[in-house]
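First up is the structure itself, then whatever we jot down about it.
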Amino acid sequence: MRVRELEIGRAARHRLGWRTSGRTDMTMQITRSAPQILMQEMGLNDAAIEQRKKLVGFEPGDLARIATLRDLITQHAESHVAAFFSHLSGVEEARPLLASRAILDRARQLKRQHLLAMVGGDYGSRYVEERLEIGLLYAKAGLEARVFLGAFHALLKQVGVTVMKQSEGQPVEGFENFMSLKKIAFFDIALIVDILVFERERLIRQQQEAIRELSTPVLQIRERLLLLPIIGIIDTYRARMVTDSLLHAIRANRAKVVVMDVTGVVTIDSKVANHLLQTVTAAGLMGAVVIVTGLSSDVAQSLVALGIELSKLNTIGDLQGGVEEAERILGYRVTRSDAGAAPASGAV
Amino acid sequence: MPVPILKQGEVLIASIQGALSDQDLVRVRDDVADQIGRFRSRGVIIDVTALDVLDSFATRTLRTIAYTARLRGAQAIVVGIQPDVALSMVQLGLSLDGVTTALDLEEGLAELDRLMKSGVSRVR
Amino acid sequence: MAIERDLDIVTARQTGRELAATCGFSRTDQTIIALAISEIARNIIAYATRGYMMLGRVYEPGRRGIIIIARDDGPGIADLELAMRDGYSTGHSLGVGLPGTRRVMDEFEIVSATGAGTTVTMKKWLR
């Protein structure tokens with residue numbers, strides 16, 4: 001009677017519960033927009049929004065003053081938007097934003113919407129979401145904060161001129177109305193700048209991630225056999241990267257044996273030693289055997305001094321020997337523990 | 001939620017889907033023990049591919065299942081521990097010493113095949 | 001959120017993972033955070049029968065992270081020093097919970113006294 005009555009193929013594995021890698025809330029992400037996600041990441045809940053309004057000194061009285069400007073601003077929206085973009089066109093660094101027709105059109109559209117919303121009177125999470133959308137557009141176009149500020153200033157100046165012209169009879173009132181509007185403008189500026197910074201940080205993190213991935217290569221040298229050369233002085237951070245890469249590689253390559261070569265390691269401290277030990281254990285949990293090669297006597301002594309039980313590690317002198325041992329394990333598939341009993345064939 | 005246990009000849013396969021509460025895990029433990037006896041299975045595969053976390057209770061329960069299986073003459077193999085899960089377990093100090101593990105179902109079945117053919121109930 | 005039944009452990013874990021994800025933690029760190037929450041929540045139920053946990057985001061100049069506060073009004077841990085030592089177990093066989101959790105979190109603080117309950121505060125920063 002054979003053990004395997006069914007051929008378990010990849011499809012069956014999927015049905016048996018192979019996890020959809022990545023997001024457990026995948027469906028949520030499909031229905032939530034980028035600005036909404038960003039809003040959550042930046043912690044812009046209602047309380048945070050109120051706090052920001054407080055920071056610019058926004059009060060109920062301002063609402064009324066802004067309302068008086070509504071029709072005026074709406075009428076002149078086009079010229080104000082134009083001021084923003086014509087300023088940008090004179091700036092070399094704004095080129096990426098202006099270069100693409102699609103992006104430029106979208107930016108204009110959003111800017112116009114922004115202006116109208118600015119005198120709209122409702123500055124809640126919906127408003128913030130719209131600001132985030134613009135912010136993301138700018139971030140994607142690589143717009144620098146200082147460039148944005150210059151252009152926005154140009155726009156505000158234009159708005160100011162419009163307001164003052166209209167209130168020739170009552171300059172003080174006109175000024176006060178404009179100042180109220182300015183509070184919202186600063187509220188907006190703060191948001192945009194924060195977004196640009198946030199996205200910049202995210203980009204940097206991603207780049208660092210990529211660099212680290214490049215510096216911790218896991219090589220597949222045979223089917224199901226991985227080679228992990230550890231070069232140079234390892235710090236805790238790199239060690240963790242190494243482990244992460246290795247474990248994911250084990251899964252991706254369905255590796256059964258990993259040869260971890262530490263020939264290039266000169267010094268090793270207890271934290272890193274523990275990390276390596278953890279790597280070996282974790283690989284074991286995934287059904288892979290780790291053979292450590294290239295352990296110099298210095299490093300071996302350090303490990304012993306640190307209390308690491310070398311017996312727990314599968315160590316072999318040099319790389320060549322390690323690879324051979326690995327191939328032996330893979331090739332012959334002998335059960336390690338029993339005394340060379342030849343695998344019985346046929347019926348069980 | 002109850003965990004489905006499939007029978008394939010002499011092997012039982014328990015596939016854990018999604019997040020399990022402590023009670024669910026205890027159920028699995030008891031069900032497996034029960035079915036090994038009932039079907040005189042010689043192998044048990046516990047597939048934890050879908051689990052995104054293995055905490056101390058889960059780890060302990062897995063060890064218990066493995067030991068119980070051995071007591072009843074069956075070999076247990078835990079398969080499907082994900083990279084993140086393995087790493088977090090090891091960092092927290094949780095261990096599955098004494099439990100045989102394999103990468104996935106396919107590997108687990110192959111391993112059981114080997115073990116049962118060589119007739120040794122292997123202790124790690 | 002209240003931690004009373006073992007189902008709450010699962011909820012706490014999943015909520016923690018989602019929060020960690022929104023914060024921007026890597027998958028591996030999300031798992032670690034979920035695990036830490038699970039262990040602490042388990043401790044609450046085992047030793048104190050009931051308590052509560054708060055999960056949140058924490059901001060400091062230059063860095064962002066996640067903060068977890070777990071509080072229970074249980075009997076408290078008499079010998080904190082002993083409990084935090086690796087391998088200690090009171091026979092509820094939950095030995096690994098505390099020291100292990102401390103290892104993986106960036107900041108870990110525990111305040112406990114006999115009869116006065118226990119509060120655990122832990123943080124993990126985004127690298």
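Letters A, B, ... go to the chains of the structure tokens in the order shown; residues in each chain start at 1; ligands are counted from 1 in the same order.
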
Quick check: residues of chain B within 9 Å of chain A, only C-alpha atoms, returned as a ChimeraX atom specification. /B:8-11,15-18,47-52,78-91,95-96,100-110,112-120,122-124

Please identify which residues in chain B DSSP calls strand (DSSP E or B) from the backbone, and express them as number ranges by chain. B: 5-8, 11-15, 43-47, 75-79, 100-102

I need the chosen residues saved as a tab-separated table (two decimals), in the first residue's frame, with C-alpha atoms.
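Output saved as selection06.tsv:
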```tsv
chain	number	residue	atom	x	y	z
B	5	ILE	CA	-8.36	16.55	8.92
B	6	LEU	CA	-7.97	14.58	5.73
B	7	LYS	CA	-7.03	10.97	5.63
B	8	GLN	CA	-4.76	9.68	2.94
B	11	VAL	CA	-1.40	9.54	6.77
B	12	LEU	CA	-3.53	12.20	8.35
B	13	ILE	CA	-3.27	15.75	7.13
B	14	ALA	CA	-4.50	18.57	9.32
B	15	SER	CA	-4.60	21.88	7.49
B	43	GLY	CA	1.90	9.60	9.94
B	44	VAL	CA	0.42	12.99	10.66
B	45	ILE	CA	1.11	16.19	8.83
B	46	ILE	CA	0.14	19.46	10.43
B	47	ASP	CA	0.09	22.17	7.85
B	75	GLN	CA	5.27	10.17	13.12
B	76	ALA	CA	4.23	13.80	13.12
B	77	ILE	CA	5.63	16.47	10.87
B	78	VAL	CA	4.85	20.16	10.99
B	79	VAL	CA	4.97	21.82	7.60
B	100	THR	CA	10.26	17.27	12.78
B	101	THR	CA	9.54	20.02	10.31
B	102	ALA	CA	9.45	20.31	6.57
```

Sorted by chain and rising residue number, list the residues of chain C at most 12 Å from chain A (counting only C-alpha atoms), each with its closest atom pair and distance in Å to one decimal, as CSV.
```
residue,atom,partner,partner_atom,distance
C:Gln14,CA,A:Thr24,CA,9.3
C:Thr15,CA,A:Thr24,CA,11.2
C:Arg17,CA,A:Thr24,CA,9.3
C:Glu18,CA,A:Asp25,CA,8.0
C:Leu19,CA,A:Glu41,CA,9.3
C:Ala20,CA,A:Glu41,CA,10.0
C:Ala21,CA,A:Arg23,CA,8.6
C:Thr22,CA,A:Glu41,CA,5.5
C:Cys23,CA,A:Glu41,CA,5.7
C:Gly24,CA,A:Glu41,CA,7.5
C:Phe25,CA,A:Glu41,CA,10.9
C:Ser26,CA,A:Gly22,CA,10.0
C:Arg27,CA,A:Gly22,CA,7.5
C:Thr28,CA,A:Asp244,CA,8.0
C:Asp29,CA,A:Asp244,CA,10.7
C:Gln30,CA,A:Gly22,CA,10.9
C:Thr31,CA,A:Gly22,CA,11.5
C:Gly56,CA,A:Gly43,CA,10.2
C:Arg57,CA,A:Gly43,CA,8.0
C:Val58,CA,A:Gly43,CA,9.7
C:Tyr59,CA,A:Gly43,CA,9.6
C:Gly62,CA,A:Glu201,CA,10.6
C:Arg63,CA,A:Glu201,CA,10.6
C:Arg64,CA,A:Met42,CA,9.9
C:Gly65,CA,A:Glu41,CA,11.1
C:Ile66,CA,A:Glu41,CA,11.8
C:Arg103,CA,A:Lys271,CA,11.5
C:Leu126,CA,A:Arg205,CA,10.0
C:Arg127,CA,A:Arg205,CA,8.3
```

Dump as an mmCIF file, in the first residue's frame, selection limited to C-alpha atoms:
```
data_model
loop_
_atom_site.group_PDB
_atom_site.id
_atom_site.type_symbol
_atom_site.label_atom_id
_atom_site.label_comp_id
_atom_site.auth_asym_id
_atom_site.auth_seq_id
_atom_site.Cartn_x
_atom_site.Cartn_y
_atom_site.Cartn_z
ATOM 1 C CA GLN C 14 -4.831 40.866 14.323
ATOM 2 C CA THR C 15 -5.528 44.436 15.309
ATOM 3 C CA ARG C 17 -0.767 43.420 12.915
ATOM 4 C CA GLU C 18 -3.019 45.762 10.967
ATOM 5 C CA LEU C 19 -1.855 48.742 12.951
ATOM 6 C CA ALA C 20 1.749 47.740 12.422
ATOM 7 C CA ALA C 21 1.089 47.424 8.715
ATOM 8 C CA THR C 22 -0.390 50.906 8.478
ATOM 9 C CA CYS C 23 2.565 52.264 10.388
ATOM 10 C CA GLY C 24 4.782 50.923 7.701
ATOM 11 C CA PHE C 25 6.449 48.029 9.480
ATOM 12 C CA SER C 26 7.877 45.243 7.368
ATOM 13 C CA ARG C 27 6.082 41.910 7.235
ATOM 14 C CA THR C 28 8.592 40.367 9.554
ATOM 15 C CA ASP C 29 8.220 43.129 12.118
ATOM 16 C CA GLN C 30 4.462 42.891 11.844
ATOM 17 C CA THR C 31 4.689 39.250 12.774
ATOM 18 C CA GLY C 56 -1.484 53.023 19.205
ATOM 19 C CA ARG C 57 0.968 54.933 17.145
ATOM 20 C CA VAL C 58 3.636 56.968 18.767
ATOM 21 C CA TYR C 59 5.500 59.910 17.310
ATOM 22 C CA GLY C 62 12.746 61.894 14.050
ATOM 23 C CA ARG C 63 10.969 58.600 14.441
ATOM 24 C CA ARG C 64 7.647 56.837 14.399
ATOM 25 C CA GLY C 65 6.539 53.642 15.954
ATOM 26 C CA ILE C 66 3.916 51.574 17.620
ATOM 27 C CA ARG C 103 14.026 40.875 23.561
ATOM 28 C CA LEU C 126 10.207 52.067 12.513
ATOM 29 C CA ARG C 127 13.764 51.748 11.335
#
```

Measuring between only C-alpha atoms, which one of B:Ala74, B:Leu25, B:Leu94, B:Leu54 shows the shortest distance to B:Arg42?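 Checking each candidate against B:Arg42, we get B:Ala74 as the closest.
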
Just need the residues of chain C within 12 Å of chain B, counting only C-alpha atoms, so spit them out as a ChimeraX atom specification. /C:5-14,16-17,26-43,45-46,86-87,92-105

Hey, what's within 10 Å of A:Gln220 if we count only C-alpha atoms and toss same-chain stuff fewer than 2 positions away? As a short mmCIF file (atom, residue, chain, number, x, y, z; two decimals) with C-alpha atoms, in the first residue's frame, please?
```cif
data_model
loop_
_atom_site.label_atom_id
_atom_site.label_comp_id
_atom_site.auth_asym_id
_atom_site.auth_seq_id
_atom_site.Cartn_x
_atom_site.Cartn_y
_atom_site.Cartn_z
CA PRO A 217 22.95 37.76 -1.73
CA VAL A 218 21.66 34.28 -1.42
CA ARG A 222 22.05 23.55 -7.22
CA GLU A 223 18.47 22.65 -7.14
CA ARG A 224 17.35 22.96 -3.54
CA LEU A 225 20.80 24.02 -2.41
CA LEU A 226 21.50 27.56 -1.39
CA LEU A 227 24.81 29.21 -0.73
CA LEU A 228 24.95 32.13 1.64
CA ALA A 249 14.96 32.30 -0.40
CA ILE A 250 14.43 28.92 1.24
CA ASN A 253 13.68 27.92 -3.98
CA ALA A 255 15.76 24.63 -0.57
CA VAL A 258 21.89 25.89 2.97
#
```

Write out as a PDB file with C-alpha atoms, in the first residue's frame which residues come within 6 Å of stretch 106-114 of chain C when counting only C-alpha atoms, dropping same-chain ones fewer than 2 positions away.
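Listed below is the output, result33.pdb:
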```pdb
ATOM      1  CA  PRO C  75      -2.426  39.628  41.665  1.00  0.00           C
ATOM      2  CA  GLY C  76       0.720  41.176  40.235  1.00  0.00           C
ATOM      3  CA  ILE C  77       4.139  39.656  39.851  1.00  0.00           C
ATOM      4  CA  ALA C  78       5.850  39.267  43.180  1.00  0.00           C
ATOM      5  CA  ARG C 102      11.346  42.138  25.885  1.00  0.00           C
ATOM      6  CA  ALA C 116      -1.724  45.973  42.562  1.00  0.00           C
ATOM      7  CA  GLY C 117      -1.820  44.532  39.093  1.00  0.00           C
ATOM      8  CA  THR C 118       0.625  44.744  36.261  1.00  0.00           C
ATOM      9  CA  THR C 119       1.223  47.226  33.503  1.00  0.00           C
ATOM     10  CA  VAL C 120       3.379  46.484  30.524  1.00  0.00           C
ATOM     11  CA  THR C 121       4.353  49.221  28.123  1.00  0.00           C
ATOM     12  CA  MET C 122       6.262  48.399  24.983  1.00  0.00           C
ATOM     13  CA  LYS C 123       7.305  50.231  21.882  1.00  0.00           C
ATOM     14  CA  LYS C 124       8.774  49.368  18.567  1.00  0.00           C
TER      15      LYS C 124
END
```

Any idea what's packed within 8 Å of C:Ala2, counting only C-alpha atoms, ignoring anything in its chain fewer than 3 positions away? Could you give it as a PDB file with C-alpha atoms, in the first residue's frame?
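Now in out_36.pdb:
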```
ATOM      1  CA  ASP C   8      -9.561  38.298  22.495  1.00  0.00           C
ATOM      2  CA  ARG C  50      -8.953  40.035  32.718  1.00  0.00           C
ATOM      3  CA  GLY C  51      -7.401  43.256  31.673  1.00  0.00           C
ATOM      4  CA  TYR C  52      -7.152  45.524  28.726  1.00  0.00           C
ATOM      5  CA  MET C  53      -4.753  46.488  26.005  1.00  0.00           C
TER       6      MET C  53
END
```

Mind the document's chain letters and residue numbers, and return as a ChimeraX atom specification the residues of stretch 32-61 of chain C that DSSP labels alpha helix (DSSP H). /C:32-43

Go ahead and write the residues just picked, C-alpha atoms, as a CSV table (one decimal), in the first residue's frame.
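Just written: result-v4.csv:
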```
chain,number,residue,atom,x,y,z
C,32,ILE,CA,7.0,40.0,15.7
C,33,ILE,CA,4.6,42.7,17.0
C,34,ALA,CA,1.6,40.4,16.6
C,35,LEU,CA,3.5,37.7,18.5
C,36,ALA,CA,4.5,40.1,21.3
C,37,ILE,CA,0.9,41.2,21.7
C,38,SER,CA,-0.2,37.6,21.7
C,39,GLU,CA,2.1,36.7,24.5
C,40,ILE,CA,1.3,39.7,26.7
C,41,ALA,CA,-2.4,39.2,26.2
C,42,ARG,CA,-2.0,35.6,27.1
C,43,ASN,CA,-0.3,36.5,30.3
```

Please report the interatomic distance between atom CA of A:Ile204 and atom CA of A:Ile103 in Å with one decimal. 23.2 Å

Could you please determine the separation between atom CA of A:Gly322 and atom CA of A:Asp298 in Å, to one decimal place?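 According to the coordinates, atom CA of A:Gly322 and atom CA of A:Asp298 are separated by 19.2 Å.
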